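A.B. asks: Please see the structure below; I have some questions.
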Amino acid sequence: MSTKIEKDTQHSTAELYASLLDGNKQFVANTLKIDPEYFINLAKGQSPPVLWIGCADSRVPANQITNTAPGEIFVHRNIANMVVHSDMNMLSVLDYAVNVLKVKHVIVTGHYGCGGVLAAMGNHEFGLIDNWLRHIKDVYRLHATALEQIEDPTERSDRFVEFNVIENVYNLCKTSIVQNAWKSGQELGVHGWVYSLSTGIITDMKVSAYDNANMEDVFKFK
Ligand code: ZN
């Protein structure tokens with residue numbers, strides 16, 4: 001089965017561009033065939049119960065891999081699903097999701113074979129992105145002893161992907177936004193998942209938090 005993009009790579013750049021708009025026409029036609037009111041209803045507003053913080057990788061689309069529909073997941077994506085505490089983009093999305101949309105869950109989703117994580121394990125210089133990869137290298141430093149005991153390179157990078165998700169769940173918990181939600185009694189779960197590109201299966205890292213009970217004292221708002 002060849003994908004749309006595989007077919008499109010044989011075509012010119014202009015044809016590829018046009019095919020996206022054709023694809024949209026097909027999408028609208030197919031959707032209206034199933035539900036003539038679909039867009040009218042979707043335009044009325046959103047009330048997603050979940051915020052997804054995932055990798056920008058094109059193979060990890062939040063809705064498809066959780067079998068959910070548009071309107072069900074509020075999404076923020078960046079390279080290697082990072083929660084950087086001074087990232088105004090992420091903080092704005094998080095603030096809106098928690099304080100306006102009142103989501104019930106925030107999920108950090110990483111994936112095995114993540115290019116950002118693999119790049120952060122090496123010493124090659126890539127340019128501007130090295131400044132972003134630095135945050136991932138900081139995660140490596142925290143777990144260097146455990147990671148360097150793993151000889152198999154794939155196994156080691158898989159474990160690093162898991163550590164990166166876990167640390168970013170902790171980062172999320174430490175934000176003023178999540179801590180204040182918990183302080184005010186808002187029901188909010190924070191979770192970490194890893195998606196396998198080769199099986200399609202999501203593994204729960206089992207680091208879910210519903211309050212700041214397990215947080216290091218220095219980070220806690222009291
Ligand atoms: Zn990735």
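In the structure tokens, the first chain shown is A, the next is B, and so on; residue numbers restart at 1 for each chain, and ligands run from 1 in the order shown.
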Compute the set of protein, DNA and RNA residues whose minimum atom distance to ligand 1 is at most 9 Å, using only C-alpha atoms and all ligand atoms, and state it as JSON, numbers by chain.
C.D. replies: {"A": [54, 55, 56, 57, 58, 59, 60, 78, 79, 80, 81, 110, 111, 112, 113, 114, 115, 116, 117, 118, 161]}
A.B. asks: For the helix (DSSP H, G or I) assignment from backbone DSSP, which residues of stretch 31-120 of chain A qualify? Please present them as an NGL selection string.
C.D. replies: :A and (31-34 or 38-42 or 62-66 or 88-100 or 115-120)
A.B. asks: Can I get the selection written as a compact mmCIF listing (two decimals), in the first residue's frame, with N, CA and C atoms?
C.D. replies:
```
# COMPACT_ATOMS: atom_id res chain seq x y z
N THR A 31 -16.84 13.26 4.43
CA THR A 31 -17.38 13.51 5.77
C THR A 31 -18.86 13.85 5.69
N LEU A 32 -19.22 14.70 4.73
CA LEU A 32 -20.63 15.11 4.60
C LEU A 32 -21.53 13.93 4.19
N LYS A 33 -20.94 12.98 3.46
CA LYS A 33 -21.70 11.79 3.06
C LYS A 33 -22.15 11.02 4.31
N ILE A 34 -21.24 10.97 5.29
CA ILE A 34 -21.54 10.23 6.52
C ILE A 34 -22.43 11.06 7.45
N TYR A 38 -21.99 17.51 10.14
CA TYR A 38 -20.70 17.38 10.85
C TYR A 38 -20.02 18.73 11.09
N PHE A 39 -19.82 19.51 10.05
CA PHE A 39 -19.06 20.76 10.21
C PHE A 39 -19.86 21.82 10.97
N ILE A 40 -21.17 21.81 10.77
CA ILE A 40 -22.04 22.76 11.49
C ILE A 40 -21.92 22.51 12.99
N ASN A 41 -21.94 21.24 13.37
CA ASN A 41 -21.83 20.89 14.79
C ASN A 41 -20.44 21.18 15.34
N LEU A 42 -19.39 20.85 14.57
CA LEU A 42 -18.02 21.05 15.04
C LEU A 42 -17.71 22.54 15.22
N ALA A 62 -2.04 12.65 17.14
CA ALA A 62 -2.77 12.35 18.38
C ALA A 62 -4.11 11.66 18.13
N ASN A 63 -4.91 12.20 17.23
CA ASN A 63 -6.27 11.65 17.03
C ASN A 63 -6.25 10.23 16.45
N GLN A 64 -5.49 10.05 15.39
CA GLN A 64 -5.48 8.72 14.75
C GLN A 64 -5.05 7.62 15.69
N ILE A 65 -3.98 7.85 16.45
CA ILE A 65 -3.43 6.74 17.25
C ILE A 65 -4.24 6.49 18.53
N THR A 66 -5.16 7.38 18.86
CA THR A 66 -6.03 7.13 20.02
C THR A 66 -7.48 6.91 19.57
N MET A 88 7.05 29.92 26.26
CA MET A 88 5.78 30.65 26.32
C MET A 88 4.70 30.01 25.44
N ASN A 89 5.12 29.37 24.37
CA ASN A 89 4.17 28.69 23.49
C ASN A 89 3.49 27.55 24.26
N MET A 90 4.31 26.66 24.84
CA MET A 90 3.77 25.54 25.61
C MET A 90 2.96 26.04 26.80
N LEU A 91 3.48 27.04 27.52
CA LEU A 91 2.78 27.55 28.72
C LEU A 91 1.43 28.16 28.35
N SER A 92 1.38 28.84 27.22
CA SER A 92 0.11 29.45 26.79
C SER A 92 -0.92 28.38 26.46
N VAL A 93 -0.47 27.34 25.77
CA VAL A 93 -1.38 26.23 25.43
C VAL A 93 -1.85 25.54 26.72
N LEU A 94 -0.91 25.30 27.63
CA LEU A 94 -1.24 24.64 28.89
C LEU A 94 -2.22 25.48 29.71
N ASP A 95 -1.95 26.78 29.79
CA ASP A 95 -2.82 27.67 30.57
C ASP A 95 -4.24 27.68 30.00
N TYR A 96 -4.33 27.78 28.69
CA TYR A 96 -5.65 27.80 28.05
C TYR A 96 -6.37 26.46 28.28
N ALA A 97 -5.62 25.38 28.12
CA ALA A 97 -6.23 24.05 28.26
C ALA A 97 -6.73 23.81 29.69
N VAL A 98 -5.92 24.20 30.67
CA VAL A 98 -6.26 23.91 32.07
C VAL A 98 -7.28 24.92 32.61
N ASN A 99 -7.06 26.20 32.32
CA ASN A 99 -7.88 27.22 32.97
C ASN A 99 -9.12 27.65 32.18
N VAL A 100 -9.12 27.44 30.89
CA VAL A 100 -10.31 27.82 30.10
C VAL A 100 -11.07 26.57 29.65
N GLY A 115 13.70 11.25 16.48
CA GLY A 115 14.88 11.89 15.88
C GLY A 115 15.52 12.91 16.81
N GLY A 116 14.70 13.64 17.56
CA GLY A 116 15.22 14.64 18.49
C GLY A 116 16.02 13.99 19.60
N VAL A 117 15.50 12.89 20.13
CA VAL A 117 16.18 12.19 21.21
C VAL A 117 17.48 11.55 20.70
N LEU A 118 17.42 10.96 19.51
CA LEU A 118 18.61 10.34 18.92
C LEU A 118 19.70 11.39 18.68
N ALA A 119 19.27 12.55 18.17
CA ALA A 119 20.23 13.64 17.90
C ALA A 119 20.87 14.11 19.20
N ALA A 120 20.06 14.16 20.27
CA ALA A 120 20.57 14.64 21.56
C ALA A 120 21.56 13.66 22.19
```
A.B. asks: Calculate how many Å separate atom CA of A:Leu142 from atom CA of A:Asn171, rounding to one decimal.
C.D. replies: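 Result for atom CA of A:Leu142 versus atom CA of A:Asn171: 13.4 Å, one decimal.
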A.B. asks: Could you give me, as a PyMOL selection string, the residues within 8 Å of A:Ser208, counting only C-alpha atoms and dropping anything in the same chain fewer than 2 positions from it?
C.D. replies: chain A and resi 189-192+205-206+210
A.B. asks: If DSSP is run on the backbone, what residues of stretch 34-204 of chain A are strand (DSSP E)? A reply as number ranges by chain would be ideal.
C.D. replies: A: 50-55, 73-78, 105-111, 189-195, 202-204
A.B. asks: Of the candidates A:Ile129, A:Met121, A:Val178, A:Leu172, which shows the shortest atom-to-atom distance to A:Ser157, using only C-alpha atoms?
C.D. replies: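 Looking at the shortest contact to A:Ser157, the residue is A:Met121.
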A.B. asks: For the atom pair atom CA of A:Asp211 and atom CA of A:Gly185, what is the interatomic distance in Å to one decimal place?
C.D. replies: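 A separation of 9.3 Å between them.
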